Every structure is written in C-alpha cells, then in structure tokens.
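The data block below is target30.pdb; it holds PDB, C-alpha atoms.
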ATOM      1  CA  MET A   1      96.678 110.219 108.518  1.00  0.00           C
ATOM      2  CA  ASP A   2      94.149 112.079 106.435  1.00  0.00           C
ATOM      3  CA  GLN A   3      91.362 112.527 109.004  1.00  0.00           C
ATOM      4  CA  LYS A   4      88.666 113.223 106.427  1.00  0.00           C
ATOM      5  CA  ARG A   5      89.568 110.346 104.128  1.00  0.00           C
ATOM      6  CA  HIS A   6      90.158 107.762 106.883  1.00  0.00           C
ATOM      7  CA  LYS A   7      87.550 108.925 109.430  1.00  0.00           C
ATOM      8  CA  LEU A   8      85.261 105.876 109.264  1.00  0.00           C
ATOM      9  CA  TRP A   9      88.178 103.448 109.366  1.00  0.00           C
ATOM     10  CA  SER A  10      89.817 105.304 112.266  1.00  0.00           C
ATOM     11  CA  GLU A  11      86.604 105.289 114.308  1.00  0.00           C
ATOM     12  CA  ASN A  12      86.231 101.557 113.731  1.00  0.00           C
ATOM     13  CA  VAL A  13      89.825 100.835 114.798  1.00  0.00           C
ATOM     14  CA  SER A  14      89.495 103.095 117.844  1.00  0.00           C
ATOM     15  CA  ARG A  15      86.677 100.909 119.165  1.00  0.00           C
ATOM     16  CA  TYR A  16      89.157  98.050 119.542  1.00  0.00           C
ATOM     17  CA  SER A  17      92.255 100.040 120.496  1.00  0.00           C
ATOM     18  CA  ARG A  18      93.312 100.794 124.062  1.00  0.00           C
ATOM     19  CA  ASN A  19      95.408 103.765 123.004  1.00  0.00           C
ATOM     20  CA  THR A  20      93.118 106.410 121.524  1.00  0.00           C
ATOM     21  CA  GLU A  21      95.942 108.819 120.617  1.00  0.00           C
ATOM     22  CA  LYS A  22      97.749 106.542 118.170  1.00  0.00           C
ATOM     23  CA  THR A  23      96.757 103.603 116.072  1.00  0.00           C
ATOM     24  CA  LEU A  24      99.705 101.328 115.418  1.00  0.00           C
ATOM     25  CA  ALA A  25      99.575  98.610 112.812  1.00  0.00           C
ATOM     26  CA  TYR A  26     101.787  95.566 113.020  1.00  0.00           C
ATOM     27  CA  TRP A  27     102.111  92.118 111.526  1.00  0.00           C
ATOM     28  CA  ASP A  28     104.036  89.245 112.998  1.00  0.00           C
ATOM     29  CA  PHE A  29     106.385  87.348 110.692  1.00  0.00           C
ATOM     30  CA  ASP A  30     104.315  84.154 110.823  1.00  0.00           C
ATOM     31  CA  SER A  31     101.188  85.954 109.560  1.00  0.00           C
ATOM     32  CA  ILE A  32     103.046  87.612 106.690  1.00  0.00           C
ATOM     33  CA  HIS A  33     104.834  84.380 105.790  1.00  0.00           C
ATOM     34  CA  LYS A  34     101.597  82.355 105.683  1.00  0.00           C
ATOM     35  CA  LYS A  35      99.860  84.970 103.532  1.00  0.00           C
ATOM     36  CA  CYS A  36     102.756  85.195 101.068  1.00  0.00           C
ATOM     37  CA  VAL A  37     103.234  81.452 100.748  1.00  0.00           C
ATOM     38  CA  GLY A  38      99.488  80.993 100.265  1.00  0.00           C
ATOM     39  CA  LYS A  39      99.221  83.654  97.581  1.00  0.00           C
ATOM     40  CA  ILE A  40     102.544  83.824  95.729  1.00  0.00           C
ATOM     41  CA  ARG A  41     104.542  80.656  96.472  1.00  0.00           C
ATOM     42  CA  ASN A  42     104.757  80.022  92.729  1.00  0.00           C
ATOM     43  CA  THR A  43     103.726  82.493  90.048  1.00  0.00           C
ATOM     44  CA  ILE A  44     104.215  83.584  86.467  1.00  0.00           C
ATOM     45  CA  TYR A  45     105.687  87.012  85.695  1.00  0.00           C
ATOM     46  CA  VAL A  46     104.846  88.426  82.267  1.00  0.00           C
ATOM     47  CA  ILE A  47     106.424  91.430  80.554  1.00  0.00           C
ATOM     48  CA  ALA A  48     104.266  92.664  77.686  1.00  0.00           C
ATOM     49  CA  ASP A  49     103.394  95.659  75.545  1.00  0.00           C
ATOM     50  CA  SER A  50      99.778  96.436  74.798  1.00  0.00           C
ATOM     51  CA  ARG A  51      97.802  98.382  72.234  1.00  0.00           C
ATOM     52  CA  LYS A  52      94.164  98.951  71.348  1.00  0.00           C
ATOM     53  CA  VAL A  53      92.857  97.901  67.956  1.00  0.00           C
ATOM     54  CA  LYS A  54      89.214  98.744  67.191  1.00  0.00           C
ATOM     55  CA  GLY A  55      88.494  99.080  70.917  1.00  0.00           C
ATOM     56  CA  GLN A  56      90.050  95.715  71.803  1.00  0.00           C
ATOM     57  CA  GLU A  57      93.261  95.527  73.818  1.00  0.00           C
ATOM     58  CA  GLU A  58      95.972  93.307  72.342  1.00  0.00           C
ATOM     59  CA  PHE A  59      99.151  92.114  74.045  1.00  0.00           C
ATOM     60  CA  ASN A  60     102.606  91.324  72.720  1.00  0.00           C
ATOM     61  CA  TYR A  61     104.272  89.062  75.285  1.00  0.00           C
ATOM     62  CA  GLU A  62     107.973  89.867  75.315  1.00  0.00           C
ATOM     63  CA  ARG A  63     109.181  87.741  78.229  1.00  0.00           C
ATOM     64  CA  ILE A  64     107.541  85.207  80.527  1.00  0.00           C
ATOM     65  CA  PHE A  65     109.124  83.856  83.697  1.00  0.00           C
ATOM     66  CA  LEU A  66     108.081  80.904  85.842  1.00  0.00           C
ATOM     67  CA  LEU A  67     108.892  81.828  89.452  1.00  0.00           C
ATOM     68  CA  GLU A  68     108.994  79.073  92.077  1.00  0.00           C
ATOM     69  CA  ASP A  69     109.769  78.760  95.791  1.00  0.00           C
ATOM     70  CA  PHE A  70     109.058  82.215  97.187  1.00  0.00           C
ATOM     71  CA  SER A  71     111.812  83.358  99.586  1.00  0.00           C
ATOM     72  CA  PHE A  72     110.415  85.037 102.697  1.00  0.00           C
ATOM     73  CA  ASN A  73     113.912  86.110 103.762  1.00  0.00           C
ATOM     74  CA  ASN A  74     114.332  87.947 100.462  1.00  0.00           C
ATOM     75  CA  LEU A  75     111.000  89.689 101.095  1.00  0.00           C
ATOM     76  CA  LEU A  76     112.241  90.967 104.462  1.00  0.00           C
ATOM     77  CA  LYS A  77     115.524  92.037 102.874  1.00  0.00           C
ATOM     78  CA  GLY A  78     113.583  93.879 100.152  1.00  0.00           C
ATOM     79  CA  ILE A  79     111.603  95.811 102.767  1.00  0.00           C
ATOM     80  CA  LEU A  80     114.780  96.827 104.593  1.00  0.00           C
ATOM     81  CA  GLU A  81     116.459  97.887 101.333  1.00  0.00           C
ATOM     82  CA  GLY A  82     113.468  99.919 100.151  1.00  0.00           C
ATOM     83  CA  ILE A  83     112.713  97.682  97.158  1.00  0.00           C
ATOM     84  CA  ILE A  84     109.340  96.837  98.693  1.00  0.00           C
ATOM     85  CA  LEU A  85     107.056  99.578  99.979  1.00  0.00           C
ATOM     86  CA  ILE A  86     104.110  99.155 102.326  1.00  0.00           C
ATOM     87  CA  ASP A  87     100.933 100.776 101.006  1.00  0.00           C
ATOM     88  CA  PHE A  88      98.270 101.439 103.616  1.00  0.00           C
ATOM     89  CA  ASP A  89      95.044 101.457 101.594  1.00  0.00           C
ATOM     90  CA  ALA A  90      92.178 102.153 103.989  1.00  0.00           C
ATOM     91  CA  ARG A  91      89.620 104.790 103.157  1.00  0.00           C
ATOM     92  CA  THR A  92      86.043 105.642 103.784  1.00  0.00           C
ATOM     93  CA  GLY A  93      83.582 103.364 102.088  1.00  0.00           C
ATOM     94  CA  HIS A  94      85.872 100.390 101.619  1.00  0.00           C
ATOM     95  CA  ASN A  95      89.077  99.212 103.248  1.00  0.00           C
ATOM     96  CA  HIS A  96      91.324  97.654 100.605  1.00  0.00           C
ATOM     97  CA  GLY A  97      93.780  96.516 103.250  1.00  0.00           C
ATOM     98  CA  THR A  98      97.527  96.783 103.282  1.00  0.00           C
ATOM     99  CA  LYS A  99      99.616  96.047 100.219  1.00  0.00           C
ATOM    100  CA  PHE A 100     103.253  95.407  99.556  1.00  0.00           C
ATOM    101  CA  ARG A 101     104.342  97.184  96.385  1.00  0.00           C
ATOM    102  CA  LEU A 102     107.585  96.748  94.527  1.00  0.00           C
ATOM    103  CA  LYS A 103     109.188  98.392  91.560  1.00  0.00           C
ATOM    104  CA  GLN A 104     108.759  96.578  88.268  1.00  0.00           C
ATOM    105  CA  ASN A 105     111.280  93.886  87.345  1.00  0.00           C
ATOM    106  CA  ASN A 106     112.090  93.071  90.983  1.00  0.00           C
ATOM    107  CA  TRP A 107     109.911  89.958  91.237  1.00  0.00           C
ATOM    108  CA  LEU A 108     112.798  87.719  90.218  1.00  0.00           C
ATOM    109  CA  HIS A 109     114.706  88.557  93.433  1.00  0.00           C
ATOM    110  CA  PHE A 110     112.077  86.915  95.642  1.00  0.00           C
ATOM    111  CA  TYR A 111     112.178  83.383  94.246  1.00  0.00           C
ATOM    112  CA  THR A 112     114.819  80.682  94.491  1.00  0.00           C
ATOM    113  CA  LYS A 113     113.919  79.149  91.101  1.00  0.00           C
ATOM    114  CA  VAL A 114     113.509  81.381  88.056  1.00  0.00           C
ATOM    115  CA  ALA A 115     113.007  79.983  84.557  1.00  0.00           C
ATOM    116  CA  GLU A 116     112.487  82.160  81.500  1.00  0.00           C
ATOM    117  CA  VAL A 117     109.798  80.477  79.404  1.00  0.00           C
ATOM    118  CA  ILE A 118     109.807  82.977  76.528  1.00  0.00           C
TER     119      ILE A 118
END

Before we go any further, please render this structure as structure tokens.
Amino acid sequence: MDQKRHKLWSENVSRYSRNTEKTLAYWDFDSIHKKCVGKIRNTIYVIADSRKVKGQEEFNYERIFLLEDFSFNNLLKGILEGIILIDFDARTGHNHGTKFRLKQNNWLHFYTKVAEVI
C-alpha cells in the first residue's frame, strides 16, 4: 500500500480494525451478488468509434448488444481465470471504492441472454 497516497484512508480503517498490522478487505458472496444484480442485471453494451468535429464529439455505433440475466457464477469464474481484475481505488481526499474491471469485449460472457441489436 502506498502509505503517502492512502494515509487518510488507512487511518480511518485502522480505527475500526482490531489488527493494526494488516488491513484485510473481504466481501461475502451475497453482498457482491446483490450489488451486481442491482446494478448490471440487464444492460446494453455498445461498441463505437468516436471523433471530434468542430469541438463536438461524434459517435459511429458499430455494434450494440442487449445483455440480459447477469450470471454471478460466470463473474466468479472470470475472477478465477483473470478476466476480471479487482481495482482497489481508495486515496486521500476521496475513496472511490473497489471496482471490478474487465478487458474489453468480455461483457458477453457474463450474461445468459445476448442479442445483437445492430
């Protein structure tokens, strides 16, 4: 952990932690499942190119997918296989929380229903 960058966050966590040597983060499966289902149960995935014309950004939509029925088991499998990375984004000033990041074009693997709209 970068002590300078995460000092404020670390001090705050230490107030609630019994073990002052290490701070361990964990999430139980139910918490992760509820958050995922609430946020990304169904979504639209868009692949587009962009350009700026006279200061305005324009988009050319190449492909659009309707993704339905998020699969929590596929999320867990993606973490184990290294497709999904966990990004710890706490810093001084503002804690942005923890994020799950995945390489582009992998969204389709996490849904049971995938329909290409365009």

Determine, counting all atoms listed in the file, which protein, DNA and RNA residues have an atom within 10 Å of an atom of Gly78 (chain A); residues of the same chain fewer than 5 positions away are not included. Present the result as a PyMOL selection string. chain A and resi 72-73+83-85+102+106+109-110

What lies within 8 Å of region 41-58 of chain A using only C-alpha atoms, ignoring chain neighbours under 6 positions off, as a VMD selection string? chain A and resid 64 to 70 107

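Note that the spacing between CA of Lys35 (chain A) and CA of Leu76 (chain A) amounts to 13.8 Å.
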
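You will find CA of Ile86 (chain A) at 6.3 Å from CA of Arg101 (chain A).
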
Which residue gives the smallest distance to Asp87 (chain A) among A:Lys7, A:Phe100, A:Phe29, A:Ile40, with only C-alpha atoms counted? A:Phe100

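Between CA of Ile79 (chain A) and CA of Lys34 (chain A) the separation is 17.0 Å.
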
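Nearest-residue note for Thr98 (chain A): choosing from A:Gly38, A:Leu8, A:Tyr26, A:Asn60, the minimum distance belongs to A:Tyr26, counting only C-alpha atoms.
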
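Take the candidates A:Phe59, A:Ile32, A:Lys4, A:Trp27 and check each one against Leu75 (chain A) using all atoms listed in the file; the shortest distance goes to A:Ile32.
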
Let me make sure I understand: among A:Gly82, A:Arg63, A:Lys103, A:Glu11, which one has the smallest atom-to-atom distance to Ala115 (chain A) if we use all atoms listed in the file?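 Result for the nearest residue to Ala115 (chain A): A:Arg63.
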